[in-house]
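A.B. asks: Structure file protein33.txt (compact mmCIF, C-alpha atoms) is given on the next line.
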```txt
# COMPACT_ATOMS: atom_id res chain seq x y z
CA MET R 1 9.29 11.48 25.63
CA LEU R 2 6.26 9.84 24.05
CA PRO R 3 3.55 8.32 26.28
CA ALA R 4 3.59 4.53 26.61
CA GLU R 5 0.24 4.17 24.82
CA VAL R 6 1.58 6.04 21.78
CA LYS R 7 4.77 3.97 21.77
CA MET R 8 2.62 0.82 21.76
CA ILE R 9 0.89 1.93 18.55
CA ILE R 10 4.24 2.65 16.89
CA GLU R 11 5.59 -0.74 17.95
CA GLU R 12 2.44 -2.35 16.53
CA MET R 13 3.12 -0.55 13.26
CA LYS R 14 6.72 -1.80 13.20
CA ALA R 15 5.65 -5.39 13.90
CA GLU R 16 2.90 -5.54 11.23
CA ARG R 17 3.73 -7.82 8.28
CA ILE R 18 0.48 -8.20 6.30
CA GLN R 19 -1.27 -4.82 6.24
CA GLY R 20 0.18 -2.22 3.90
CA ALA R 21 0.90 1.48 3.72
CA SER R 22 -2.73 2.61 4.01
CA TRP R 23 -3.25 0.74 7.27
CA LEU R 24 0.04 2.00 8.68
CA ALA R 25 -0.84 5.61 7.84
CA ARG R 26 -4.21 5.33 9.58
CA LYS R 27 -2.55 3.77 12.65
CA GLY R 28 -0.08 6.65 12.62
CA ALA R 29 -2.98 9.12 12.55
CA GLU R 30 -4.47 7.31 15.55
CA ALA R 31 -1.14 7.72 17.36
CA TYR R 32 -1.22 11.47 16.69
CA HIS R 33 -4.78 11.65 17.99
CA LEU R 34 -3.88 9.79 21.16
CA LEU R 35 -0.85 12.02 21.71
CA ALA R 36 -3.04 15.12 21.52
CA GLU R 37 -5.30 13.69 24.20
CA THR R 38 -2.45 13.60 26.71
CA MET R 39 -0.41 16.74 25.98
CA GLU R 40 -0.64 20.42 25.05
CA GLY R 41 1.52 23.53 24.63
CA ASP R 42 5.31 23.27 24.34
CA GLU R 43 5.25 19.68 25.56
CA LEU R 44 2.94 18.70 22.69
CA GLU R 45 5.08 20.53 20.11
CA LYS R 46 8.22 18.66 21.17
CA ALA R 47 6.34 15.35 21.18
CA LEU R 48 4.95 16.02 17.70
CA GLU R 49 8.46 16.44 16.35
CA GLU R 50 9.50 13.18 18.00
CA ILE R 51 6.51 11.17 16.83
CA GLY R 52 7.02 12.44 13.28
CA GLU R 53 10.50 10.94 13.18
CA GLU R 54 9.27 7.72 14.77
CA ILE R 55 6.46 7.29 12.25
CA ILE R 56 8.68 7.95 9.23
CA ASN R 57 11.22 5.45 10.58
CA VAL R 58 8.59 2.71 10.74
CA ASN R 59 9.22 2.36 7.02
CA ARG R 60 11.05 5.08 5.14
CA THR R 61 9.98 3.60 1.79
CA MET R 62 6.31 4.46 2.38
CA ALA R 63 5.19 7.87 1.15
CA SER R 64 1.98 7.57 3.17
CA LEU R 65 3.92 7.92 6.43
CA TYR R 66 5.96 10.82 5.09
CA ASN R 67 2.82 12.63 3.91
CA LEU R 68 1.02 11.97 7.20
CA THR R 69 3.76 13.76 9.13
CA ARG R 70 3.46 16.73 6.75
CA PHE R 71 -0.33 16.74 7.13
CA ILE R 72 -0.25 17.08 10.94
CA PRO R 73 0.99 20.56 12.00
CA ILE R 74 3.56 21.14 14.73
CA THR R 75 1.45 23.04 17.23
CA GLY R 76 0.70 23.24 20.91
CA ASN R 77 -3.03 23.15 20.19
CA PRO R 78 -4.29 19.60 20.88
CA ALA R 79 -7.71 20.27 19.35
CA LEU R 80 -6.09 21.14 16.02
CA VAL R 81 -3.93 18.00 16.06
CA LYS R 82 -6.93 15.80 16.81
CA SER R 83 -8.95 17.50 14.10
CA LYS R 84 -6.23 16.97 11.48
CA ALA R 85 -5.73 13.34 12.51
CA GLU R 86 -9.48 12.71 12.18
CA GLU R 87 -9.50 14.48 8.82
CA PHE R 88 -6.65 12.29 7.55
CA ILE R 89 -8.49 9.11 8.52
CA ARG R 90 -11.74 10.33 6.95
CA LEU R 91 -10.04 11.35 3.70
CA SER R 92 -8.25 8.01 3.60
CA GLU R 93 -11.50 6.07 3.92
CA GLU R 94 -13.22 8.24 1.30
CA ALA R 95 -10.29 7.83 -1.07
CA LYS R 96 -10.38 4.06 -0.83
CA ARG R 97 -14.12 3.94 -1.56
CA GLU R 98 -13.67 6.17 -4.60
CA ILE R 99 -10.74 4.05 -5.83
CA GLY R 100 -13.01 1.02 -5.55
CA ASN R 101 -15.69 2.68 -7.65
CA ILE R 102 -13.27 3.96 -10.32
CA GLY R 103 -11.17 0.81 -10.49
CA SER R 104 -14.17 -1.52 -10.76
CA GLU R 105 -15.09 0.14 -14.04
CA LEU R 106 -11.88 -1.30 -15.54
CA ILE R 107 -13.12 -4.83 -14.86
CA ASP R 108 -15.01 -6.36 -17.77
CA GLU R 109 -17.32 -9.35 -17.62
CA ASN R 110 -15.42 -12.63 -17.07
CA GLU R 111 -12.16 -10.76 -16.47
CA VAL R 112 -9.18 -12.77 -15.20
CA ILE R 113 -7.30 -10.54 -12.76
CA ILE R 114 -3.79 -11.28 -11.54
CA THR R 115 -2.41 -9.59 -8.43
CA HIS R 116 0.50 -9.79 -6.01
CA SER R 117 0.58 -9.27 -2.22
CA PHE R 118 -2.31 -7.80 -0.20
CA SER R 119 -3.63 -4.37 -1.12
CA SER R 120 -6.63 -2.82 0.61
CA ALA R 121 -7.16 -0.64 -2.48
CA VAL R 122 -7.23 -3.64 -4.82
CA LEU R 123 -9.56 -5.45 -2.43
CA GLU R 124 -11.89 -2.44 -2.46
CA ILE R 125 -11.92 -2.51 -6.28
CA LEU R 126 -12.85 -6.20 -6.26
CA LYS R 127 -15.56 -5.60 -3.65
CA SER R 128 -17.02 -2.77 -5.71
CA ALA R 129 -17.00 -4.89 -8.88
CA ARG R 130 -18.73 -7.67 -6.98
CA ARG R 131 -21.43 -5.28 -5.73
CA LYS R 132 -22.01 -4.19 -9.33
CA GLY R 133 -22.72 -7.79 -10.26
CA LYS R 134 -19.62 -8.32 -12.36
CA ARG R 135 -18.30 -11.84 -12.80
CA PHE R 136 -14.55 -12.31 -12.68
CA ARG R 137 -11.88 -14.50 -11.16
CA VAL R 138 -8.56 -13.75 -9.52
CA ILE R 139 -5.09 -15.27 -9.75
CA LEU R 140 -3.04 -14.30 -6.71
CA THR R 141 0.45 -15.10 -5.56
CA GLU R 142 1.03 -16.51 -2.09
CA SER R 143 3.51 -13.61 -1.67
CA SER R 144 6.24 -15.25 0.39
CA PRO R 145 7.87 -14.99 2.84
CA ASP R 146 5.07 -13.25 4.80
CA TYR R 147 2.28 -14.77 2.65
CA GLU R 148 0.13 -11.66 2.30
CA GLY R 149 -1.60 -13.39 -0.61
CA ILE R 150 -3.15 -15.92 1.74
CA ALA R 151 -4.75 -13.06 3.66
CA LEU R 152 -6.23 -11.80 0.38
CA ALA R 153 -7.46 -15.31 -0.45
CA ARG R 154 -9.42 -15.37 2.80
CA GLU R 155 -11.08 -12.06 1.91
CA LEU R 156 -11.99 -13.30 -1.58
CA GLU R 157 -13.45 -16.42 -0.04
CA LYS R 158 -15.79 -14.23 2.04
CA LEU R 159 -16.87 -12.40 -1.14
CA ASP R 160 -17.46 -15.70 -2.95
CA VAL R 161 -15.06 -14.60 -5.69
CA PRO R 162 -13.43 -17.52 -7.54
CA PHE R 163 -9.64 -17.50 -7.23
CA GLU R 164 -6.53 -19.62 -7.34
CA VAL R 165 -3.33 -19.14 -5.37
CA ILE R 166 0.01 -19.64 -7.09
CA THR R 167 3.61 -19.63 -5.91
CA ASP R 168 5.53 -16.44 -6.64
CA ALA R 169 7.78 -18.32 -9.08
CA GLN R 170 4.79 -18.98 -11.38
CA ILE R 171 4.06 -15.30 -12.11
CA GLY R 172 5.40 -15.60 -15.65
CA LEU R 173 3.41 -18.73 -16.40
CA PHE R 174 0.07 -17.51 -15.05
CA SER R 175 0.28 -13.96 -16.37
CA LYS R 176 -0.40 -15.47 -19.80
CA ARG R 177 -3.81 -16.56 -18.52
CA ALA R 178 -4.74 -13.13 -17.14
CA THR R 179 -6.54 -10.28 -18.89
CA LEU R 180 -5.85 -7.57 -16.30
CA ALA R 181 -3.24 -6.95 -13.58
CA LEU R 182 -4.07 -4.94 -10.45
CA VAL R 183 -1.57 -4.26 -7.68
CA GLY R 184 -1.39 -1.89 -4.75
CA ALA R 185 1.41 0.54 -4.00
CA ASP R 186 3.35 1.53 -0.92
CA SER R 187 4.67 4.59 -2.74
CA ILE R 188 4.58 6.32 -6.11
CA THR R 189 7.71 8.32 -6.85
CA ARG R 190 7.86 11.77 -8.45
CA ASP R 191 9.00 10.20 -11.70
CA GLY R 192 6.08 7.76 -11.80
CA ALA R 193 7.65 4.53 -10.52
CA LEU R 194 5.59 2.19 -8.38
CA ILE R 195 7.07 0.87 -5.12
CA ASN R 196 5.37 -2.28 -3.90
CA LYS R 197 5.99 -5.74 -2.45
CA ALA R 198 9.02 -7.40 -4.03
CA GLY R 199 7.79 -9.46 -6.96
CA THR R 200 5.66 -6.67 -8.41
CA TYR R 201 8.33 -5.72 -10.95
CA PRO R 202 8.58 -9.29 -12.35
CA LEU R 203 4.78 -9.35 -12.62
CA ALA R 204 4.84 -6.06 -14.55
CA LEU R 205 7.51 -7.45 -16.91
CA ALA R 206 5.54 -10.64 -17.49
CA CYS R 207 2.36 -8.66 -18.14
CA HIS R 208 4.22 -6.39 -20.56
CA ASP R 209 5.54 -9.41 -22.44
CA ASN R 210 2.03 -10.91 -22.66
CA SER R 211 0.15 -7.66 -23.46
CA VAL R 212 -1.77 -7.71 -20.17
CA PRO R 213 -2.64 -4.17 -18.97
CA PHE R 214 -0.95 -3.49 -15.63
CA TYR R 215 -2.49 -0.98 -13.19
CA GLY R 216 -1.52 0.22 -9.74
CA ALA R 217 -4.08 1.35 -7.18
CA ALA R 218 -3.17 3.89 -4.51
CA GLU R 219 -4.58 6.80 -2.53
CA SER R 220 -3.05 10.12 -3.53
CA PHE R 221 -1.22 10.38 -0.19
CA LYS R 222 1.00 7.54 -1.42
CA ILE R 223 2.50 9.84 -4.05
CA HIS R 224 5.82 11.11 -2.72
CA PRO R 225 6.20 14.85 -3.45
CA GLU R 226 10.01 14.77 -3.53
CA LEU R 227 11.47 11.28 -3.91
CA LYS R 228 12.60 9.93 -7.30
CA SER R 229 12.97 6.23 -8.05
CA GLU R 230 16.78 6.24 -7.91
CA GLU R 231 16.61 7.80 -4.43
CA VAL R 232 14.43 5.11 -2.88
CA ASP R 233 16.11 3.25 -0.01
CA ILE R 234 14.51 -0.19 -0.05
CA THR R 235 14.31 -1.98 3.29
CA GLU R 236 15.85 -5.44 3.57
CA ARG R 237 14.80 -7.99 6.18
CA PRO R 238 16.86 -11.15 5.66
CA TYR R 239 15.83 -14.37 7.34
CA THR R 240 17.25 -17.84 7.88
CA ARG R 241 15.90 -20.99 6.24
CA GLN R 242 17.36 -24.41 7.01
CA GLY R 243 20.52 -22.76 8.28
CA PHE R 244 21.05 -20.49 5.28
CA ARG R 245 20.72 -16.72 5.22
CA VAL R 246 18.13 -15.62 2.66
CA ARG R 247 18.24 -12.13 1.16
CA ASN R 248 14.84 -10.47 1.45
CA TYR R 249 14.23 -6.97 0.15
CA LEU R 250 10.68 -6.01 1.08
CA PHE R 251 9.93 -3.89 -2.00
CA ASP R 252 10.91 -3.47 -5.61
CA ILE R 253 10.59 -0.63 -8.11
CA THR R 254 8.43 -0.89 -11.23
CA PRO R 255 9.31 1.80 -13.82
CA TRP R 256 6.46 3.87 -15.21
CA LYS R 257 6.87 2.49 -18.74
CA TYR R 258 5.30 -0.82 -17.65
CA ILE R 259 2.32 0.82 -15.91
CA ARG R 260 -0.91 1.52 -17.83
CA GLY R 261 -2.15 3.81 -15.06
CA ILE R 262 -2.42 4.51 -11.33
CA ILE R 263 -5.99 4.30 -10.02
CA THR R 264 -6.47 7.07 -7.43
CA GLU R 265 -9.47 8.81 -5.88
CA PHE R 266 -8.98 11.54 -8.51
CA GLY R 267 -9.18 9.15 -11.45
CA VAL R 268 -6.68 7.04 -13.38
CA LEU R 269 -3.39 8.93 -13.58
CA ILE R 270 -0.94 8.17 -16.37
CA PRO R 271 2.66 8.16 -15.12
CA PRO R 272 4.91 10.04 -15.21
CA LYS R 273 3.25 13.14 -16.69
CA GLU R 274 0.19 13.11 -14.41
CA ILE R 275 1.98 12.18 -11.17
```
Just dump the structure as structure tokens.

C.D. replies:
Amino acid sequence: MLPAEVKMIIEEMKAERIQGASWLARKGAEAYHLLAETMEGDELEKALEEIGEEIINVNRTMASLYNLTRFIPITGNPALVKSKAEEFIRLSEEAKREIGNIGSELIDENEVIITHSFSSAVLEILKSARRKGKRFRVILTESSPDYEGIALARELEKLDVPFEVITDAQIGLFSKRATLALVGADSITRDGALINKAGTYPLALACHDNSVPFYGAAESFKIHPELKSEEVDITERPYTRQGFRVRNYLFDITPWKYIRGIITEFGVLIPPKEI
């Protein structure tokens, strides 16, 4: 039986609609840390097994949650659990900073960048490019139905980066005006496919058709060590609009052949051979 405080973190993770896989993984690490503050011995070991299942079930599509549960050992030693949770958070923060530095080097002067959804890794790249004095502008989708793109627009406004928000249906039209595509990733499969917010695949197709280089950005813990693209179980969360049921798969799968590279803390990996 998990403590109420730990359950609250997991429920917060389940309820989150804007933040992505990186944020969820760090919240999961916080839940592990909190658990280790309240238990030890056999009781902690049993709770660690339970929390592992709970965290994976928050979203089974996200490799970051799967890899987090593999990173934290099943042990009765609370100090070890806390240490590993802290290490995961630290490595995650370091990875994002390095992705920002590496990815910003792909941005040329007066670049026109198109993106979809909200990615903390993409945002870090844009922040890093801004710090380096590069001038660029961003085209971003509103990313319905949860409108993650609006959250990104607010962040770009703070950075004083010029941008324009488009409806998701205009991806094909506006990709012709872009010179670079950057998207985040909730998972990268063993065979090099990119799992991200639904609408990413159409963006990749439009970029391919218009010769716009398409890159993903993801910490290495988003690479799934076992799962292949055909094995991905994509979550659906239908909703009702004006009395009609609307199908709403949260993610789609972009095959590796449309991806120029995956920007990680270890450099730009070329799928599938370097994944």

A.B. asks: Listing only residues of region 132-186 of chain R within 7 Å of region 210-214 of chain R, what is the closest atom pair and its distance in Å (to one decimal) for each, using all atoms listed in the file, sorted by chain and residue number ascending, as a Markdown table?

C.D. replies:
```
| residue | atom | partner | partner_atom | distance |
| --- | --- | --- | --- | --- |
| R:Lys176 | CA | R:Asn210 | CA | 5.9 |
| R:Ala178 | CA | R:Val212 | CA | 6.9 |
| R:Thr179 | CA | R:Val212 | CA | 5.6 |
| R:Leu180 | CA | R:Pro213 | CA | 5.4 |
| R:Ala181 | CA | R:Phe214 | CA | 4.6 |
| R:Leu182 | CA | R:Phe214 | CA | 6.2 |
```

A.B. asks: Considering only C-alpha atoms, return as a ChimeraX atom specification whatever protein or nucleic-acid residues lie within 10 Å of region 260-272 of chain R, sequence-local ones (same chain, fewer than 2 positions apart) excluded.

C.D. replies: /R:91-92,94-103,106,121-122,125,181-185,188-194,208,212-223,255-258,274-275

A.B. asks: Have a look at CA of Glu54 (chain R) and CA of Leu152 (chain R) and let me know their distance in Å, one decimal.

C.D. replies: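 Computing it gives 28.8 Å between the two atoms.
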
A.B. asks: Identify which of the residues R:Lys197, R:Ile56, R:Thr254, R:Leu34 lies closest to Met13 (chain R), counting all atoms listed in the file when measuring atom-to-atom distances.

C.D. replies: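 Of R:Lys197, R:Ile56, R:Thr254, R:Leu34, the one nearest Met13 (chain R) is R:Ile56, counting all atoms listed in the file.
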
A.B. asks: Restricting the calculation to all atoms listed in the file, which member of R:Glu230, R:Phe163, R:Phe136, R:Asn59 is positioned closest to Asp186 (chain R)?

C.D. replies: R:Asn59

A.B. asks: Measure the distance from CA of Leu68 (chain R) to CA of Gly52 (chain R) in Å and round it to one decimal.

C.D. replies: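 Going from CA of Leu68 (chain R) over to CA of Gly52 (chain R) covers 8.6 Å.
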
A.B. asks: List as a ChimeraX atom specification the protein and nucleic acid residues near Val246 (chain R), meaning an atom at most 12 Å away when all atoms listed in the file are counted, but skip any in the same chain fewer than 6 places from it.

C.D. replies: /R:145,236-240

A.B. asks: At a cut-off of 12 Å from (3.9, 22.2, 23.2) in the coordinates of the file, what residues are picked up using all atoms listed in the file, written as a PDB file with C-alpha atoms, keeping the file's coordinate frame?

C.D. replies:
```pdb
ATOM      1  CA  LEU R  35      -0.850  12.020  21.710  1.00  0.00           C
ATOM      2  CA  ALA R  36      -3.040  15.120  21.520  1.00  0.00           C
ATOM      3  CA  THR R  38      -2.450  13.600  26.710  1.00  0.00           C
ATOM      4  CA  MET R  39      -0.410  16.740  25.980  1.00  0.00           C
ATOM      5  CA  GLU R  40      -0.640  20.420  25.050  1.00  0.00           C
ATOM      6  CA  GLY R  41       1.520  23.530  24.630  1.00  0.00           C
ATOM      7  CA  ASP R  42       5.310  23.270  24.340  1.00  0.00           C
ATOM      8  CA  GLU R  43       5.250  19.680  25.560  1.00  0.00           C
ATOM      9  CA  LEU R  44       2.940  18.700  22.690  1.00  0.00           C
ATOM     10  CA  GLU R  45       5.080  20.530  20.110  1.00  0.00           C
ATOM     11  CA  LYS R  46       8.220  18.660  21.170  1.00  0.00           C
ATOM     12  CA  ALA R  47       6.340  15.350  21.180  1.00  0.00           C
ATOM     13  CA  LEU R  48       4.950  16.020  17.700  1.00  0.00           C
ATOM     14  CA  GLU R  49       8.460  16.440  16.350  1.00  0.00           C
ATOM     15  CA  GLU R  50       9.500  13.180  18.000  1.00  0.00           C
ATOM     16  CA  PRO R  73       0.990  20.560  12.000  1.00  0.00           C
ATOM     17  CA  ILE R  74       3.560  21.140  14.730  1.00  0.00           C
ATOM     18  CA  THR R  75       1.450  23.040  17.230  1.00  0.00           C
ATOM     19  CA  GLY R  76       0.700  23.240  20.910  1.00  0.00           C
ATOM     20  CA  ASN R  77      -3.030  23.150  20.190  1.00  0.00           C
ATOM     21  CA  PRO R  78      -4.290  19.600  20.880  1.00  0.00           C
ATOM     22  CA  VAL R  81      -3.930  18.000  16.060  1.00  0.00           C
TER      23      VAL R  81
END
```

A.B. asks: Compare R:Ser119, R:Asn196, R:Asn110, R:Ser128 by their minimum atom-to-atom distance to Thr61 (chain R), counting all atoms listed in the file, and give me the closest one.

C.D. replies: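 Nearest candidate to Thr61 (chain R) out of R:Ser119, R:Asn196, R:Asn110, R:Ser128: R:Asn196.
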
A.B. asks: In Å, with one decimal, what is the gap from CA of Glu111 (chain R) to CA of Lys134 (chain R)?

C.D. replies: 8.9 Å

A.B. asks: For Tyr147 (chain R), find every residue with an atom within 9 Å (counting only C-alpha atoms), except residues of its own chain fewer than 4 positions away, and show them as JSON, numbers by chain.

C.D. replies: {"R": [18, 117, 118, 141, 142, 143, 151]}

A.B. asks: Export C-alpha atoms of the chosen residues as a PDB file, keeping the file's coordinate frame?

C.D. replies:
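Saved the output as result_13.pdb:
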```
ATOM      1  CA  ILE R  18       0.480  -8.200   6.300  1.00  0.00           C
ATOM      2  CA  SER R 117       0.580  -9.270  -2.220  1.00  0.00           C
ATOM      3  CA  PHE R 118      -2.310  -7.800  -0.200  1.00  0.00           C
ATOM      4  CA  THR R 141       0.450 -15.100  -5.560  1.00  0.00           C
ATOM      5  CA  GLU R 142       1.030 -16.510  -2.090  1.00  0.00           C
ATOM      6  CA  SER R 143       3.510 -13.610  -1.670  1.00  0.00           C
ATOM      7  CA  ALA R 151      -4.750 -13.060   3.660  1.00  0.00           C
TER       8      ALA R 151
END
```

A.B. asks: Kindly output region 147-157 of chain R as an mmCIF file, keeping the file's coordinate frame, after building all heavy atoms.

C.D. replies:
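result.cif, written as the output of this step:
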```
data_model
loop_
_atom_site.group_PDB
_atom_site.id
_atom_site.type_symbol
_atom_site.label_atom_id
_atom_site.label_comp_id
_atom_site.auth_asym_id
_atom_site.auth_seq_id
_atom_site.Cartn_x
_atom_site.Cartn_y
_atom_site.Cartn_z
ATOM 1 N N TYR R 147 3.511 -14.156 3.153
ATOM 2 C CA TYR R 147 2.280 -14.770 2.650
ATOM 3 C C TYR R 147 1.065 -13.845 2.764
ATOM 4 O O TYR R 147 -0.015 -14.259 3.166
ATOM 5 C CB TYR R 147 2.039 -16.104 3.360
ATOM 6 C CG TYR R 147 3.178 -17.059 3.132
ATOM 7 C CD1 TYR R 147 4.143 -17.279 4.116
ATOM 8 C CD2 TYR R 147 3.343 -17.700 1.906
ATOM 9 C CE1 TYR R 147 5.219 -18.121 3.883
ATOM 10 C CE2 TYR R 147 4.413 -18.546 1.666
ATOM 11 C CZ TYR R 147 5.347 -18.749 2.659
ATOM 12 O OH TYR R 147 6.412 -19.572 2.416
ATOM 13 N N GLU R 148 1.246 -12.605 2.325
ATOM 14 C CA GLU R 148 0.130 -11.660 2.300
ATOM 15 C C GLU R 148 -0.985 -12.131 1.355
ATOM 16 O O GLU R 148 -2.160 -11.816 1.555
ATOM 17 C CB GLU R 148 0.606 -10.274 1.847
ATOM 18 C CG GLU R 148 1.618 -9.623 2.765
ATOM 19 C CD GLU R 148 3.052 -9.861 2.333
ATOM 20 O OE1 GLU R 148 3.327 -10.948 1.775
ATOM 21 O OE2 GLU R 148 3.885 -8.961 2.533
ATOM 22 N N GLY R 149 -0.605 -12.892 0.328
ATOM 23 C CA GLY R 149 -1.600 -13.390 -0.610
ATOM 24 C C GLY R 149 -2.624 -14.300 0.029
ATOM 25 O O GLY R 149 -3.788 -14.349 -0.385
ATOM 26 N N ILE R 150 -2.209 -15.038 1.039
ATOM 27 C CA ILE R 150 -3.150 -15.920 1.740
ATOM 28 C C ILE R 150 -4.199 -15.105 2.473
ATOM 29 O O ILE R 150 -5.376 -15.479 2.527
ATOM 30 C CB ILE R 150 -2.386 -16.841 2.714
ATOM 31 C CG1 ILE R 150 -1.323 -17.661 1.971
ATOM 32 C CG2 ILE R 150 -3.352 -17.766 3.450
ATOM 33 C CD1 ILE R 150 -1.854 -18.495 0.815
ATOM 34 N N ALA R 151 -3.784 -13.951 3.008
ATOM 35 C CA ALA R 151 -4.750 -13.060 3.660
ATOM 36 C C ALA R 151 -5.770 -12.554 2.645
ATOM 37 O O ALA R 151 -6.966 -12.456 2.938
ATOM 38 C CB ALA R 151 -4.021 -11.892 4.324
ATOM 39 N N LEU R 152 -5.306 -12.236 1.434
ATOM 40 C CA LEU R 152 -6.230 -11.800 0.380
ATOM 41 C C LEU R 152 -7.158 -12.938 -0.022
ATOM 42 O O LEU R 152 -8.357 -12.720 -0.255
ATOM 43 C CB LEU R 152 -5.444 -11.297 -0.827
ATOM 44 C CG LEU R 152 -6.284 -10.864 -2.033
ATOM 45 C CD1 LEU R 152 -7.245 -9.739 -1.654
ATOM 46 C CD2 LEU R 152 -5.387 -10.436 -3.189
ATOM 47 N N ALA R 153 -6.637 -14.150 -0.091
ATOM 48 C CA ALA R 153 -7.460 -15.310 -0.450
ATOM 49 C C ALA R 153 -8.626 -15.471 0.522
ATOM 50 O O ALA R 153 -9.751 -15.776 0.119
ATOM 51 C CB ALA R 153 -6.602 -16.567 -0.489
ATOM 52 N N ARG R 154 -8.349 -15.257 1.793
ATOM 53 C CA ARG R 154 -9.420 -15.370 2.800
ATOM 54 C C ARG R 154 -10.505 -14.322 2.567
ATOM 55 O O ARG R 154 -11.700 -14.595 2.742
ATOM 56 C CB ARG R 154 -8.830 -15.233 4.202
ATOM 57 C CG ARG R 154 -7.913 -16.382 4.613
ATOM 58 C CD ARG R 154 -7.613 -16.348 6.101
ATOM 59 N NE ARG R 154 -6.711 -17.437 6.478
ATOM 60 C CZ ARG R 154 -5.398 -17.307 6.658
ATOM 61 N NH1 ARG R 154 -4.842 -16.103 6.533
ATOM 62 N NH2 ARG R 154 -4.648 -18.333 6.994
ATOM 63 N N GLU R 155 -10.101 -13.118 2.177
ATOM 64 C CA GLU R 155 -11.080 -12.060 1.910
ATOM 65 C C GLU R 155 -11.908 -12.387 0.661
ATOM 66 O O GLU R 155 -13.120 -12.143 0.636
ATOM 67 C CB GLU R 155 -10.367 -10.715 1.720
ATOM 68 C CG GLU R 155 -9.674 -10.191 2.964
ATOM 69 C CD GLU R 155 -10.652 -9.904 4.099
ATOM 70 O OE1 GLU R 155 -11.796 -9.486 3.804
ATOM 71 O OE2 GLU R 155 -10.285 -10.115 5.261
ATOM 72 N N LEU R 156 -11.266 -12.933 -0.358
ATOM 73 C CA LEU R 156 -11.990 -13.300 -1.580
ATOM 74 C C LEU R 156 -12.960 -14.442 -1.319
ATOM 75 O O LEU R 156 -14.044 -14.507 -1.918
ATOM 76 C CB LEU R 156 -10.995 -13.685 -2.679
ATOM 77 C CG LEU R 156 -10.082 -12.566 -3.184
ATOM 78 C CD1 LEU R 156 -9.135 -13.098 -4.249
ATOM 79 C CD2 LEU R 156 -10.881 -11.392 -3.727
ATOM 80 N N GLU R 157 -12.574 -15.314 -0.421
ATOM 81 C CA GLU R 157 -13.450 -16.420 -0.040
ATOM 82 C C GLU R 157 -14.748 -15.885 0.583
ATOM 83 O O GLU R 157 -15.838 -16.371 0.292
ATOM 84 C CB GLU R 157 -12.720 -17.331 0.951
ATOM 85 C CG GLU R 157 -13.225 -18.748 1.001
ATOM 86 C CD GLU R 157 -12.277 -19.654 1.766
ATOM 87 O OE1 GLU R 157 -11.719 -19.197 2.792
ATOM 88 O OE2 GLU R 157 -12.105 -20.808 1.352
#
```
